[in-house]
Amino acid sequence: MSRAKPFYIGKGTGSRAWEHTLRVDSTRKGMRIAEIQAQGLDIITTILADELTEAQALKLEAELIASFGTEDTGGLLTNSVIPSGSKLKVRSELTIPTGVVEKAQIGLELLKTAVLEFAQANPTGVMNADVSKSLGLQSDYAGGSKDYLAWSILGLLMREGKVIRGDERKHRAIIR
């Protein structure tokens, strides 16, 4: 008999940990679940911690994903914390500590979700400066007020087809 191996790590609330086995999708995680079930084996779902703050849950998730590694990095997990299709371009002389890419991608997903929710709550559209000021994303680096972070996040959401840029430089969420 083979030993159980972790193949996915995620944070969630309520019954979310079991939903993946009830509604098997076409993601890598879903395909792994289907493979395990096709062999007549059970999916073992384990809750590692309860009563965590959002920040604690994200930190634990990022550390565990970094420890086990994703299939993209030669590890065990089907997690896709790095957006599919993106190729990270890194100068060869840089050192990338284990887990920092995963932590950055988890943080980016939270930022994108917050910006998208903000845009959805304002159907007439939001400007880059609105996002920066309202969500506390403005920088005063080198004495100037810069909104580059919000601009980048809006750009990623546009590329994903979740936001469009309309008249008067306002970005609107696409409701699906």
# chains A, B, ... in the order shown; residues from 1 in each chain; ligands from 1

$ residues_around --residues "region 56-70 of chain A" --least-positions-apart "6" --cutoff "7 Å" --atoms "only C-alpha atoms" --output "PyMOL selection string"
chain A and resi 9-11+76-79+98-99+102-103

$ residues_around --residues "region 111-126 of chain A" --least-positions-apart "3" --cutoff "6 Å" --atoms "only C-alpha atoms" --output "list of chain:residue names"
A:Leu108, A:Asp130, A:Lys170, A:His171, A:Arg172, A:Ala173

$ write_last_selection --atoms "N, CA and C atoms" --output "short mmCIF file (atom, residue, chain, number, x, y, z; two decimals), in the first residue's frame"
data_model
loop_
_atom_site.label_atom_id
_atom_site.label_comp_id
_atom_site.auth_asym_id
_atom_site.auth_seq_id
_atom_site.Cartn_x
_atom_site.Cartn_y
_atom_site.Cartn_z
N LEU A 108 -0.17 39.12 -3.99
CA LEU A 108 -0.69 39.71 -5.22
C LEU A 108 -2.14 39.30 -5.44
N ASP A 130 -7.85 56.79 -7.42
CA ASP A 130 -8.89 56.38 -6.47
C ASP A 130 -8.48 55.09 -5.77
N LYS A 170 -11.34 55.83 -16.38
CA LYS A 170 -11.94 55.06 -15.29
C LYS A 170 -11.95 53.57 -15.64
N HIS A 171 -11.65 52.76 -14.64
CA HIS A 171 -11.63 51.32 -14.80
C HIS A 171 -12.93 50.76 -14.20
N ARG A 172 -13.56 49.86 -14.96
CA ARG A 172 -14.80 49.25 -14.50
C ARG A 172 -14.63 47.74 -14.47
N ALA A 173 -15.20 47.14 -13.41
CA ALA A 173 -15.16 45.67 -13.29
C ALA A 173 -16.13 45.07 -14.30
#

$ atom_distance --atom1 "CA of Ala150 (chain A)" --atom2 "CA of Asn128 (chain A)"
6.2 Å

$ atom_distance --atom1 "CA of Lys29 (chain A)" --atom2 "CA of Pro6 (chain A)"
10.9 Å

$ closest_residue --among "A:Val101, A:Leu154, A:Met127, A:Leu52" --to "Asp167 (chain A)" --atoms "only C-alpha atoms"
A:Met127

$ select_by_dssp --residues "chain A" --states "strand (DSSP E or B)" --output "VMD selection string"
chain A and resid 70 77 126 139 146 163 to 165 171 to 173

$ residues_around --residues "Gly155 (chain A)" --least-positions-apart "2" --cutoff "12 Å" --atoms "only C-alpha atoms" --output "PyMOL selection string"
chain A and resi 112+115-116+128+148-153+157-165+171
